[in-house]
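Student: mmCIF, C-alpha atoms (C1' of nucleotides), saved as work.cif, coming up:
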```cif
data_query
#
loop_
_atom_site.label_atom_id
_atom_site.label_comp_id
_atom_site.auth_asym_id
_atom_site.auth_seq_id
_atom_site.Cartn_x
_atom_site.Cartn_y
_atom_site.Cartn_z
CA MET A 221 -10.93 24.58 9.67
CA SER A 222 -13.55 24.44 6.98
CA ASP A 223 -15.86 21.49 7.37
CA VAL A 224 -15.54 20.79 3.66
CA ARG A 225 -11.91 20.10 4.30
CA GLU A 226 -12.72 17.93 7.29
CA ASN A 227 -15.26 16.09 5.18
CA ILE A 228 -12.72 15.33 2.47
CA LEU A 229 -10.24 14.15 5.09
CA ALA A 230 -12.70 11.86 6.87
CA THR A 231 -14.12 10.38 3.67
CA GLY A 232 -10.72 9.89 2.14
CA GLN A 233 -9.43 8.21 5.28
CA ARG A 234 -12.30 5.73 5.24
CA ILE A 235 -11.91 4.81 1.59
CA ILE A 236 -8.12 4.75 1.57
CA ALA A 237 -8.06 2.52 4.65
CA GLY A 238 -9.84 -0.04 2.48
CA LYS A 239 -8.24 0.33 -0.93
CA GLY A 240 -4.87 1.86 -0.23
CA PHE A 241 -3.48 5.18 -1.41
CA SER A 242 -2.61 4.44 -5.02
CA GLY A 243 -5.70 2.28 -5.34
CA VAL A 244 -8.10 5.18 -4.89
CA GLY A 245 -8.61 8.17 -7.13
CA LEU A 246 -9.61 11.62 -6.05
CA ASN A 247 -12.78 11.20 -8.10
CA GLU A 248 -14.12 8.48 -5.85
CA ILE A 249 -13.25 10.29 -2.66
CA LEU A 250 -14.76 13.58 -3.79
CA ALA A 251 -17.88 12.00 -5.25
CA THR A 252 -18.46 10.10 -2.00
CA ALA A 253 -17.87 13.21 0.05
CA GLY A 254 -20.21 15.19 -2.19
CA VAL A 255 -17.52 17.75 -2.89
CA PRO A 256 -16.98 19.08 -6.42
CA LYS A 257 -13.77 18.00 -8.03
CA GLY A 258 -12.58 21.51 -8.61
CA SER A 259 -12.71 22.29 -4.90
CA PHE A 260 -10.05 19.81 -3.99
CA TYR A 261 -7.12 21.96 -5.03
CA HIS A 262 -8.44 24.83 -3.05
CA TYR A 263 -7.97 22.83 0.15
CA PHE A 264 -4.95 20.71 -0.73
CA GLY A 265 -1.95 21.35 -2.92
CA SER A 266 -1.84 17.83 -4.32
CA LYS A 267 -2.93 14.29 -3.65
CA GLU A 268 0.30 13.78 -1.75
CA ALA A 269 -0.28 16.85 0.43
CA PHE A 270 -3.75 15.54 1.11
CA GLY A 271 -2.32 12.18 2.12
CA GLU A 272 0.06 13.87 4.50
CA ALA A 273 -2.74 15.90 6.10
CA MET A 274 -4.87 12.77 6.34
CA LEU A 275 -2.14 10.88 8.21
CA GLU A 276 -1.58 13.87 10.45
CA SER A 277 -5.24 14.08 11.46
CA TYR A 278 -5.46 10.31 11.79
CA PHE A 279 -2.59 10.09 14.27
CA GLU A 280 -3.80 13.10 16.20
CA GLU A 281 -7.06 11.32 16.94
CA TYR A 282 -5.32 7.99 17.46
CA LEU A 283 -2.92 9.37 20.05
CA ALA A 284 -5.73 11.15 21.90
CA GLU A 285 -7.59 7.84 22.17
CA LEU A 286 -4.40 6.06 23.22
CA ASP A 287 -3.84 8.63 25.97
CA ARG A 288 -7.39 8.07 27.18
CA THR A 289 -6.84 4.31 27.32
CA LEU A 290 -3.54 4.58 29.13
CA ASN A 291 -4.89 7.01 31.71
CA GLN A 292 -7.97 5.09 32.78
CA PRO A 293 -8.12 5.34 36.57
CA ALA A 294 -8.86 2.38 38.83
CA GLN A 295 -6.79 0.04 36.68
CA THR A 296 -3.24 -1.20 36.86
CA MET A 297 -1.00 -0.11 34.01
CA ALA A 298 -0.78 -3.74 32.93
CA GLU A 299 -4.56 -3.81 32.54
CA ARG A 300 -4.61 -0.57 30.60
CA LEU A 301 -1.94 -1.86 28.24
CA MET A 302 -3.80 -5.10 27.64
CA ASN A 303 -6.94 -3.05 26.96
CA TYR A 304 -5.02 -1.21 24.29
CA TRP A 305 -4.05 -4.41 22.50
CA GLN A 306 -7.58 -5.71 22.87
CA ASP A 307 -8.94 -2.53 21.29
CA TRP A 308 -6.42 -2.87 18.48
CA GLN A 309 -7.59 -6.40 17.84
CA ASP A 310 -11.29 -5.51 17.94
CA ASN A 311 -10.85 -2.58 15.59
CA GLN A 312 -8.69 -4.45 13.13
CA VAL A 313 -10.90 -7.55 12.98
CA SER A 314 -14.04 -5.56 12.16
CA PHE A 315 -15.30 -5.46 8.56
CA ASP A 316 -13.86 -8.75 7.37
CA CYS A 317 -10.40 -8.10 8.78
CA GLN A 318 -10.03 -4.90 6.75
CA GLY A 319 -9.21 -2.87 9.82
CA LYS A 320 -8.87 0.86 9.61
CA CYS A 321 -5.39 1.35 11.02
CA LEU A 322 -3.49 3.50 8.54
CA ALA A 323 -0.06 2.53 9.84
CA VAL A 324 -0.85 -1.07 8.95
CA LYS A 325 -2.49 -0.28 5.63
CA LEU A 326 -0.18 2.41 4.33
CA GLY A 327 3.15 1.80 6.03
CA ALA A 328 4.75 -0.39 3.40
CA GLU A 329 2.91 1.12 0.45
CA VAL A 330 3.47 4.78 1.08
CA ALA A 331 6.84 4.98 2.80
CA ASP A 332 8.60 4.26 -0.51
CA LEU A 333 6.27 6.54 -2.44
CA SER A 334 6.25 9.89 -0.68
CA GLU A 335 8.77 11.41 1.67
CA ALA A 336 6.16 13.70 3.22
CA MET A 337 3.82 10.83 3.99
CA ARG A 338 6.69 8.70 5.25
CA LEU A 339 7.63 11.39 7.74
CA ALA A 340 4.04 11.73 8.89
CA LEU A 341 3.99 7.98 9.52
CA LYS A 342 7.30 8.26 11.33
CA ARG A 343 6.07 11.00 13.64
CA GLY A 344 2.84 9.16 14.36
CA THR A 345 4.36 5.77 15.12
CA ALA A 346 7.09 7.40 17.21
CA GLY A 347 4.37 9.02 19.31
CA ILE A 348 2.67 5.68 19.87
CA ILE A 349 5.86 3.86 20.84
CA GLU A 350 6.89 6.67 23.14
CA ARG A 351 3.61 6.48 25.04
CA LEU A 352 3.81 2.72 25.26
CA ALA A 353 7.35 2.95 26.63
CA LYS A 354 6.27 5.43 29.30
CA ALA A 355 3.35 3.20 30.24
CA ILE A 356 5.61 0.16 30.53
CA GLU A 357 7.98 2.13 32.74
CA THR A 358 5.13 3.18 35.00
CA GLY A 359 3.86 -0.37 35.11
CA MET A 360 7.26 -1.57 36.25
CA LYS A 361 7.39 1.00 39.02
CA GLU A 362 3.92 0.17 40.29
CA GLY A 363 4.79 -3.53 40.03
CA SER A 364 1.95 -4.65 37.77
CA LEU A 365 4.40 -5.90 35.12
CA SER A 366 8.08 -6.63 34.58
CA ILE A 367 10.32 -6.90 31.51
CA ASP A 368 13.75 -7.98 30.35
CA GLY A 369 15.62 -5.04 28.85
CA ASP A 370 14.59 -1.41 28.66
CA PRO A 371 11.03 -0.07 28.33
CA TYR A 372 11.62 1.62 24.99
CA SER A 373 12.95 -1.48 23.24
CA THR A 374 10.11 -3.50 24.69
CA ALA A 375 7.54 -0.99 23.46
CA GLN A 376 9.15 -1.05 20.02
CA SER A 377 9.13 -4.83 19.88
CA LEU A 378 5.51 -5.06 20.92
CA TYR A 379 4.43 -2.46 18.37
CA GLN A 380 6.32 -4.27 15.63
CA LEU A 381 4.74 -7.54 16.69
CA TRP A 382 1.23 -6.11 16.46
CA LEU A 383 1.93 -4.38 13.18
CA GLY A 384 3.08 -7.67 11.69
CA ALA A 385 0.19 -9.56 13.24
CA SER A 386 -2.22 -7.08 11.63
CA VAL A 387 -0.72 -7.72 8.20
CA MET A 388 -1.04 -11.46 8.77
CA VAL A 389 -4.67 -11.03 9.81
CA LYS A 390 -5.36 -9.31 6.51
CA ILE A 391 -3.70 -12.21 4.71
CA VAL A 392 -5.33 -15.13 6.49
CA ARG A 393 -8.60 -13.35 7.31
CA THR A 394 -8.70 -14.88 10.79
CA LYS A 395 -8.04 -13.25 14.12
CA GLN A 396 -5.74 -16.15 14.99
CA PRO A 397 -2.51 -14.15 14.51
CA PHE A 398 -3.79 -11.72 17.13
CA GLU A 399 -4.24 -14.54 19.63
CA THR A 400 -0.61 -15.50 19.18
CA ALA A 401 0.45 -11.87 19.48
CA MET A 402 -1.63 -11.53 22.63
CA ARG A 403 0.02 -14.53 24.25
CA THR A 404 3.48 -13.30 23.32
CA THR A 405 2.62 -9.86 24.68
CA ARG A 406 1.57 -11.29 28.06
CA GLN A 407 4.76 -13.31 28.07
CA VAL A 408 6.96 -10.31 27.35
CA LEU A 409 5.28 -8.32 30.12
CA ASN A 410 5.40 -11.30 32.51
CA LEU A 411 1.65 -11.38 33.04
CA SER A 412 -0.38 -14.42 34.05
CA THR A 413 -1.86 -16.25 31.08
CA MET B 153 8.07 -21.97 -19.51
CA SER B 154 8.67 -19.32 -22.12
CA ASP B 155 11.42 -16.91 -21.18
CA VAL B 156 9.23 -14.01 -22.26
CA ARG B 157 6.87 -14.98 -19.50
CA GLU B 158 9.73 -15.34 -17.03
CA ASN B 159 11.03 -11.98 -18.11
CA ILE B 160 7.70 -10.29 -17.46
CA LEU B 161 7.48 -11.98 -14.07
CA ALA B 162 11.00 -11.00 -12.99
CA THR B 163 10.73 -7.42 -14.22
CA GLY B 164 7.30 -6.95 -12.71
CA GLN B 165 8.46 -8.33 -9.40
CA ARG B 166 11.34 -5.88 -9.25
CA ILE B 167 9.26 -2.84 -10.08
CA ILE B 168 6.26 -3.79 -7.97
CA ALA B 169 8.51 -4.45 -4.96
CA GLY B 170 9.37 -0.77 -5.16
CA LYS B 171 6.12 0.94 -6.10
CA GLY B 172 3.43 -1.46 -4.98
CA PHE B 173 0.83 -3.22 -7.07
CA SER B 174 -1.68 -0.44 -7.72
CA GLY B 175 1.16 2.01 -8.08
CA VAL B 176 2.53 0.41 -11.23
CA GLY B 177 0.91 0.09 -14.64
CA LEU B 178 1.44 -2.72 -17.07
CA ASN B 179 2.92 -0.23 -19.51
CA GLU B 180 5.90 0.47 -17.30
CA ILE B 181 6.55 -3.18 -16.59
CA LEU B 182 6.28 -4.20 -20.23
CA ALA B 183 8.32 -1.30 -21.53
CA THR B 184 11.07 -2.12 -19.03
CA ALA B 185 10.93 -5.80 -19.93
CA GLY B 186 10.96 -4.93 -23.63
CA VAL B 187 7.79 -6.87 -24.22
CA PRO B 188 4.92 -5.52 -26.33
CA LYS B 189 1.62 -4.89 -24.63
CA GLY B 190 -0.23 -7.43 -26.68
CA SER B 191 2.04 -10.25 -25.61
CA PHE B 192 1.13 -9.76 -22.00
CA TYR B 193 -2.41 -10.98 -22.44
CA HIS B 194 -1.16 -14.03 -24.21
CA TYR B 195 0.61 -15.14 -21.04
CA PHE B 196 -1.66 -13.72 -18.36
CA GLY B 197 -5.41 -13.35 -18.23
CA SER B 198 -5.32 -10.04 -16.40
CA LYS B 199 -3.17 -7.86 -14.21
CA GLU B 200 -4.57 -9.67 -11.20
CA ALA B 201 -3.73 -13.10 -12.63
CA PHE B 202 -0.24 -11.80 -13.30
CA GLY B 203 0.02 -10.65 -9.71
CA GLU B 204 -1.00 -14.07 -8.49
CA ALA B 205 1.58 -15.79 -10.71
CA MET B 206 4.22 -13.33 -9.59
CA LEU B 207 3.57 -14.08 -5.91
CA GLU B 208 3.58 -17.78 -6.67
CA SER B 209 6.97 -17.66 -8.34
CA TYR B 210 8.33 -15.33 -5.69
CA PHE B 211 7.48 -17.65 -2.83
CA GLU B 212 8.71 -20.68 -4.72
CA GLU B 213 12.16 -19.15 -4.94
CA TYR B 214 11.95 -17.77 -1.41
CA LEU B 215 11.10 -21.14 0.11
CA ALA B 216 13.87 -22.86 -1.81
CA GLU B 217 16.38 -20.35 -0.41
CA LEU B 218 14.90 -20.75 3.06
CA ASP B 219 15.30 -24.52 2.83
CA ARG B 220 18.91 -24.07 1.82
CA THR B 221 19.56 -21.80 4.80
CA LEU B 222 17.86 -24.13 7.27
CA ASN B 223 19.71 -27.19 6.00
CA GLN B 224 23.25 -25.84 6.14
CA PRO B 225 25.39 -28.62 7.58
CA ALA B 226 28.01 -28.03 10.27
CA GLN B 227 25.80 -25.52 12.09
CA THR B 228 23.42 -25.76 14.97
CA MET B 229 19.78 -25.10 14.16
CA ALA B 230 19.98 -22.00 16.33
CA GLU B 231 22.79 -20.69 14.13
CA ARG B 232 20.88 -21.47 10.94
CA LEU B 233 17.80 -19.64 12.24
CA MET B 234 19.81 -16.59 13.21
CA ASN B 235 21.39 -16.65 9.75
CA TYR B 236 17.89 -16.50 8.28
CA TRP B 237 17.00 -13.39 10.26
CA GLN B 238 20.33 -11.86 9.38
CA ASP B 239 19.69 -12.49 5.68
CA TRP B 240 16.23 -10.98 6.03
CA GLN B 241 17.74 -7.87 7.56
CA ASP B 242 20.50 -7.56 4.94
CA ASN B 243 18.09 -7.96 2.06
CA GLN B 244 15.51 -5.58 3.45
CA VAL B 245 18.00 -2.84 4.32
CA SER B 246 19.51 -2.76 0.83
CA PHE B 247 18.49 0.01 -1.58
CA ASP B 248 17.57 2.66 0.96
CA CYS B 249 15.44 0.33 3.07
CA GLN B 250 13.19 -0.45 0.13
CA GLY B 251 13.66 -4.19 0.55
CA LYS B 252 12.31 -6.61 -1.96
CA CYS B 253 10.20 -8.85 0.25
CA LEU B 254 6.77 -9.04 -1.34
CA ALA B 255 5.03 -10.21 1.81
CA VAL B 256 6.11 -6.99 3.48
CA LYS B 257 5.38 -4.76 0.51
CA LEU B 258 2.12 -6.25 -0.70
CA GLY B 259 0.58 -7.93 2.34
CA ALA B 260 -1.55 -5.04 3.54
CA GLU B 261 -2.13 -3.50 0.13
CA VAL B 262 -3.18 -6.52 -1.84
CA ALA B 263 -4.97 -8.75 0.68
CA ASP B 264 -7.98 -6.42 0.63
CA LEU B 265 -7.81 -5.98 -3.13
CA SER B 266 -7.70 -9.41 -4.70
CA GLU B 267 -8.81 -12.72 -3.29
CA ALA B 268 -6.50 -14.66 -5.61
CA MET B 269 -3.45 -12.68 -4.55
CA ARG B 270 -4.49 -12.89 -0.91
CA LEU B 271 -4.57 -16.67 -1.12
CA ALA B 272 -1.17 -16.75 -2.80
CA LEU B 273 0.19 -14.68 0.08
CA LYS B 274 -1.51 -17.00 2.53
CA ARG B 275 0.02 -20.12 1.00
CA GLY B 276 3.47 -18.55 0.84
CA THR B 277 3.57 -17.22 4.39
CA ALA B 278 2.13 -20.49 5.70
CA GLY B 279 5.01 -22.33 4.05
CA ILE B 280 7.55 -20.04 5.69
CA ILE B 281 6.04 -20.35 9.16
CA GLU B 282 5.76 -24.10 8.83
CA ARG B 283 9.44 -24.43 8.01
CA LEU B 284 10.41 -22.12 10.85
CA ALA B 285 8.30 -24.18 13.25
CA LYS B 286 9.96 -27.41 12.15
CA ALA B 287 13.39 -25.81 12.52
CA ILE B 288 12.56 -24.60 16.01
CA GLU B 289 11.39 -28.07 16.96
CA THR B 290 14.61 -29.59 15.67
CA GLY B 291 16.63 -26.98 17.52
CA MET B 292 14.86 -27.88 20.75
CA LYS B 293 15.61 -31.56 20.28
CA GLU B 294 19.27 -30.98 19.54
CA GLY B 295 19.41 -28.57 22.48
CA SER B 296 20.72 -25.49 20.67
CA LEU B 297 17.65 -23.45 21.69
CA SER B 298 14.64 -23.56 23.96
CA ILE B 299 11.26 -21.84 23.98
CA ASP B 300 8.18 -21.21 26.12
CA GLY B 301 5.10 -22.62 24.40
CA ASP B 302 4.85 -24.63 21.21
CA PRO B 303 7.12 -24.32 18.16
CA TYR B 304 4.37 -23.28 15.76
CA SER B 305 3.17 -20.35 17.88
CA THR B 306 6.76 -19.28 18.39
CA ALA B 307 7.44 -19.40 14.66
CA GLN B 308 4.29 -17.38 14.01
CA SER B 309 5.22 -14.76 16.58
CA LEU B 310 8.72 -14.39 15.23
CA TYR B 311 7.49 -14.05 11.66
CA GLN B 312 4.96 -11.42 12.72
CA LEU B 313 7.66 -9.57 14.62
CA TRP B 314 9.93 -9.44 11.58
CA LEU B 315 7.12 -8.49 9.26
CA GLY B 316 6.26 -5.57 11.50
CA ALA B 317 9.89 -4.63 11.94
CA SER B 318 10.26 -4.51 8.15
CA VAL B 319 7.35 -2.09 7.86
CA MET B 320 8.91 0.09 10.54
CA VAL B 321 12.24 0.03 8.74
CA LYS B 322 10.52 1.38 5.64
CA ILE B 323 8.97 4.12 7.75
CA VAL B 324 12.01 5.24 9.72
CA ARG B 325 14.61 4.37 7.05
CA THR B 326 16.98 2.96 9.65
CA LYS B 327 17.86 -0.62 10.42
CA GLN B 328 17.30 0.10 14.08
CA PRO B 329 13.94 -1.74 14.25
CA PHE B 330 15.76 -4.84 13.06
CA GLU B 331 18.22 -4.61 15.91
CA THR B 332 15.36 -4.61 18.37
CA ALA B 333 13.74 -7.52 16.55
CA MET B 334 17.02 -9.40 16.60
CA ARG B 335 17.39 -8.98 20.35
CA THR B 336 13.82 -10.05 20.97
CA THR B 337 14.35 -13.06 18.72
CA ARG B 338 17.41 -14.20 20.67
CA GLN B 339 15.44 -13.70 23.86
CA VAL B 340 12.50 -15.78 22.63
CA LEU B 341 14.84 -18.59 21.58
CA ASN B 342 16.85 -18.31 24.82
CA LEU B 343 20.14 -17.64 23.07
CA SER B 344 23.11 -15.83 24.52
CA THR B 345 23.16 -12.14 23.64
"C1'" DT C 206 -28.36 51.11 -1.03
"C1'" DA C 207 -25.28 50.63 -4.88
"C1'" DT C 208 -20.72 49.74 -6.46
"C1'" DC C 209 -16.29 48.16 -6.36
"C1'" DT C 210 -12.73 44.94 -4.72
"C1'" DA C 211 -10.85 40.84 -2.89
"C1'" DT C 212 -11.26 36.45 -1.71
"C1'" DA C 213 -13.42 31.83 -1.62
"C1'" DT C 214 -15.19 28.43 -4.43
"C1'" DT C 215 -16.17 25.58 -8.53
"C1'" DA C 216 -16.74 24.06 -13.38
"C1'" DG C 217 -14.63 21.96 -16.88
"C1'" DA C 218 -11.12 20.81 -19.90
"C1'" DC C 219 -6.33 18.87 -20.27
"C1'" DC C 220 -3.02 15.41 -21.26
"C1'" DG C 221 -1.23 11.36 -20.02
"C1'" DG C 222 -1.88 7.01 -18.42
"C1'" DT C 223 -5.12 2.78 -17.13
"C1'" DC C 224 -6.46 -2.10 -18.54
"C1'" DG C 225 -8.14 -4.68 -22.01
"C1'" DT C 226 -9.26 -6.17 -27.03
"C1'" DA C 227 -9.36 -6.95 -31.91
"C1'" DT C 228 -6.46 -7.64 -35.65
"C1'" DT C 229 -2.43 -8.52 -38.08
"C1'" DT C 230 2.12 -10.42 -38.61
"C1'" DT C 231 5.57 -13.85 -37.73
"C1'" DA C 232 7.17 -18.53 -36.51
"C1'" DA C 233 6.80 -23.44 -35.95
"C1'" DT C 234 5.02 -27.89 -36.78
"C1'" DT C 235 2.74 -31.30 -39.17
"C1'" DA D 166 1.40 -26.12 -47.91
"C1'" DA D 167 -1.74 -25.96 -44.27
"C1'" DT D 168 -2.61 -25.32 -39.64
"C1'" DT D 169 -1.70 -23.71 -35.34
"C1'" DA D 170 0.68 -21.23 -31.90
"C1'" DA D 171 3.28 -16.95 -30.61
"C1'" DA D 172 4.29 -12.25 -30.94
"C1'" DA D 173 3.40 -7.54 -32.22
"C1'" DT D 174 0.60 -3.56 -33.23
"C1'" DA D 175 -2.70 -0.25 -32.74
"C1'" DC D 176 -6.53 1.27 -30.73
"C1'" DG D 177 -10.65 1.97 -27.50
"C1'" DA D 178 -13.02 3.55 -23.69
"C1'" DC D 179 -12.11 5.24 -19.55
"C1'" DC D 180 -9.96 7.28 -15.43
"C1'" DG D 181 -5.75 9.58 -13.23
"C1'" DG D 182 -4.16 14.08 -11.06
"C1'" DT D 183 -3.68 18.91 -12.17
"C1'" DC D 184 -4.64 23.57 -13.48
"C1'" DT D 185 -6.68 27.68 -15.42
"C1'" DA D 186 -10.36 30.46 -16.04
"C1'" DA D 187 -14.77 31.73 -14.56
"C1'" DT D 188 -18.15 32.29 -10.97
"C1'" DA D 189 -20.01 33.16 -6.54
"C1'" DT D 190 -19.58 35.33 -2.14
"C1'" DA D 191 -18.34 38.65 1.27
"C1'" DG D 192 -16.61 43.18 2.80
"C1'" DA D 193 -15.78 47.84 2.36
"C1'" DT D 194 -16.53 52.27 0.56
"C1'" DA D 195 -19.24 55.88 -0.91
#
```
I'd like the structure from this file rewritten - as structure tokens, please.

Tutor:
Amino acid sequence: MSDVRENILATGQRIIAGKGFSGVGLNEILATAGVPKGSFYHYFGSKEAFGEAMLESYFEEYLAELDRTLNQPAQTMAERLMNYWQDWQDNQVSFDCQGKCLAVKLGAEVADLSEAMRLALKRGTAGIIERLAKAIETGMKEGSLSIDGDPYSTAQSLYQLWLGASVMVKIVRTKQPFETAMRTTRQVLNLST
Amino acid sequence: MSDVRENILATGQRIIAGKGFSGVGLNEILATAGVPKGSFYHYFGSKEAFGEAMLESYFEEYLAELDRTLNQPAQTMAERLMNYWQDWQDNQVSFDCQGKCLAVKLGAEVADLSEAMRLALKRGTAGIIERLAKAIETGMKEGSLSIDGDPYSTAQSLYQLWLGASVMVKIVRTKQPFETAMRTTRQVLNLST
DNA sequence: TATCTATATTAGACCGGTCGTATTTTAATT
DNA sequence: AATTAAAATACGACCGGTCTAATATAGATA
């Protein structure tokens, strides 16, 4: 991959995570990245195609990091899961509660706008929930946590809860919604408060 | 209130619920409403001020409907609450999962964009959670439901859960996330499945 | 080394749309 | 009839994504 392309992707991701997809023009992204405007269409077919590629690369990195967190040795699965939520909170609270999670920022905006980007979001979030479900299942077997219902539904519920909490954090500009989500999460996994 | 103003508000709300705030220009809204461009700035100081007024009027209506639902006689509070979630689901699933809830659609997009609109969202969502908390408290007293923890935290958690579920519904274009949310909701309120 | 070809890259213009404003026309009220 | 409020128009300066045409670069051939 050309590093010009990578540069456009990384810069665009940063800016779009703050202002949204429709709220940012290619001009700003390219100027910030130091890439001439004319070059853009050499690397991407359209703004939409760029958005799709951006989501793709975002989730690739996200899932790699998630795998790392969920495979930390010398920890129970319950601990690893709680570390994941803690990381989510820390990341999302940084920079005045304008976290950089693209599922949070773009989910509602982009799903109705572009089928390609919607599907990228779908693939990415499915990957996250799948990993969480597997982790919960493992945690049950090792006995570090227990749940009512099946692991997949539980993983789904928890992801939805944190997605919603992240939106609320943006709205109230306090990490308080995350504290509630954290307590509910412990409750759902039957962990000590 | 002038009905021209009301017309702009209603039309804008409909279109923005579909395309987002940055994704729609005043031209489209005004053309659809049949209102000349110049009139807009007689009623609203700017696009942002319009957005704030739109959110204000949206939540006003939303809260009135919520009050109606939560005050239905001849039902337990548990039943009224479950009716609320059911209405949420029905509304959000309509039109190809492009529901018309502005908290879902605009929360993440607009909170980082405009302080005035962020505060309008904050006031509106606070009103919803407050009413849900009161309803949960009443339900506990009458014995139709029971919870772990305090009513306000529970209300918050449930609202976050449904907010997140709504984003996921937009992404996967299936009502399945709502089914999970519904089950979790019954579980949290200790209701029979 | 010099020339030709093919590909990678970029400059710049295009047209349509953005929000906002200044000005004129219409209506209502005193 | 005078004054004020409401509505309509047209326009301005600017920015949006897109595309074509021109340039630069690299590789191959002689």

Student: Could the residues of chain A that have an atom at most 7 Å from chain C be listed as JSON lines, each with its closest atom pair and the distance in Å to one decimal, counting only C-alpha atoms (C1' of nucleotides) and ordered by chain and ascending residue number?

Tutor:
```
{"residue": "A:Pro256", "atom": "CA", "partner": "C:DT215", "partner_atom": "C1'", "distance": 6.9}
{"residue": "A:Gly258", "atom": "CA", "partner": "C:DT215", "partner_atom": "C1'", "distance": 5.4}
{"residue": "A:Ser259", "atom": "CA", "partner": "C:DT215", "partner_atom": "C1'", "distance": 6.0}
```

Student: Apply the PyMOL selection byres ((chain A) within 9 of (chain D)) to the structure shown and report the selected residues as a list in words.

Tutor: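 The output of the PyMOL selection byres ((chain A) within 9 of (chain D)) on this file is Gly245, Leu246, Asn247, Tyr261, Ser266 and Lys267 of chain A.
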
Student: Would you list which chain B residues are within 7 Å of chain A using only C-alpha atoms, as JSON, numbers by chain?

Tutor: {"B": [170, 171, 172, 174, 175, 250, 256, 257, 259, 260, 261, 263, 264, 265, 270, 273, 274, 305, 309, 312, 313, 315, 316, 317, 319, 322, 323, 324, 332, 333]}

Student: Store the residues picked out above, limited to C-alpha atoms, as a compact mmCIF listing (two decimals), keeping the file's coordinate frame.

Tutor:
```
# COMPACT_ATOMS: atom_id res chain seq x y z
CA GLY B 170 9.37 -0.77 -5.16
CA LYS B 171 6.12 0.94 -6.10
CA GLY B 172 3.43 -1.46 -4.98
CA SER B 174 -1.68 -0.44 -7.72
CA GLY B 175 1.16 2.01 -8.08
CA GLN B 250 13.19 -0.45 0.13
CA VAL B 256 6.11 -6.99 3.48
CA LYS B 257 5.38 -4.76 0.51
CA GLY B 259 0.58 -7.93 2.34
CA ALA B 260 -1.55 -5.04 3.54
CA GLU B 261 -2.13 -3.50 0.13
CA ALA B 263 -4.97 -8.75 0.68
CA ASP B 264 -7.98 -6.42 0.63
CA LEU B 265 -7.81 -5.98 -3.13
CA ARG B 270 -4.49 -12.89 -0.91
CA LEU B 273 0.19 -14.68 0.08
CA LYS B 274 -1.51 -17.00 2.53
CA SER B 305 3.17 -20.35 17.88
CA SER B 309 5.22 -14.76 16.58
CA GLN B 312 4.96 -11.42 12.72
CA LEU B 313 7.66 -9.57 14.62
CA LEU B 315 7.12 -8.49 9.26
CA GLY B 316 6.26 -5.57 11.50
CA ALA B 317 9.89 -4.63 11.94
CA VAL B 319 7.35 -2.09 7.86
CA LYS B 322 10.52 1.38 5.64
CA ILE B 323 8.97 4.12 7.75
CA VAL B 324 12.01 5.24 9.72
CA THR B 332 15.36 -4.61 18.37
CA ALA B 333 13.74 -7.52 16.55
```

Student: What does the distance between atom CA of B:Ala230 and atom CA of B:Asn243 come to in Å, to one decimal place?

Tutor: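 A separation of 20.1 Å between them.
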
Student: Which distance in Å separates atom CA of A:Ile228 and atom CA of A:Leu275, to one decimal?

Tutor: 12.8 Å

Student: Of the candidates A:Val255, A:Ala336, A:Ala355, A:Ala230, which shows the shortest atom-to-atom distance to A:Leu301, using all atoms listed in the file?

Tutor: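 Checking each candidate against A:Leu301, we get A:Ala355 as the closest.
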
Student: Just give me the gap between atom CA of A:Tyr304 and atom CA of A:Ile235 in Å, one decimal is fine.

Tutor: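 Going from atom CA of A:Tyr304 over to atom CA of A:Ile235 covers 24.5 Å.
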
Student: Name the residues that the PyMOL selection byres ((chain A and resi 291) around 12) picks from the file above, as an mmCIF file with C-alpha atoms, in the coordinates of the input, using the file's chain letters and numbers.

Tutor:
```cif
data_model
loop_
_atom_site.group_PDB
_atom_site.id
_atom_site.type_symbol
_atom_site.label_atom_id
_atom_site.label_comp_id
_atom_site.auth_asym_id
_atom_site.auth_seq_id
_atom_site.Cartn_x
_atom_site.Cartn_y
_atom_site.Cartn_z
ATOM 1 C CA ALA A 284 -5.730 11.150 21.900
ATOM 2 C CA GLU A 285 -7.590 7.840 22.170
ATOM 3 C CA LEU A 286 -4.400 6.060 23.220
ATOM 4 C CA ASP A 287 -3.840 8.630 25.970
ATOM 5 C CA ARG A 288 -7.390 8.070 27.180
ATOM 6 C CA THR A 289 -6.840 4.310 27.320
ATOM 7 C CA LEU A 290 -3.540 4.580 29.130
ATOM 8 C CA GLN A 292 -7.970 5.090 32.780
ATOM 9 C CA PRO A 293 -8.120 5.340 36.570
ATOM 10 C CA ALA A 294 -8.860 2.380 38.830
ATOM 11 C CA GLN A 295 -6.790 0.040 36.680
ATOM 12 C CA THR A 296 -3.240 -1.200 36.860
ATOM 13 C CA MET A 297 -1.000 -0.110 34.010
ATOM 14 C CA ALA A 298 -0.780 -3.740 32.930
ATOM 15 C CA GLU A 299 -4.560 -3.810 32.540
ATOM 16 C CA ARG A 300 -4.610 -0.570 30.600
ATOM 17 C CA LEU A 301 -1.940 -1.860 28.240
ATOM 18 C CA ASN A 303 -6.940 -3.050 26.960
ATOM 19 C CA TYR A 304 -5.020 -1.210 24.290
ATOM 20 C CA ARG A 351 3.610 6.480 25.040
ATOM 21 C CA LEU A 352 3.810 2.720 25.260
ATOM 22 C CA LYS A 354 6.270 5.430 29.300
ATOM 23 C CA ALA A 355 3.350 3.200 30.240
ATOM 24 C CA THR A 358 5.130 3.180 35.000
ATOM 25 C CA GLY A 359 3.860 -0.370 35.110
#
```
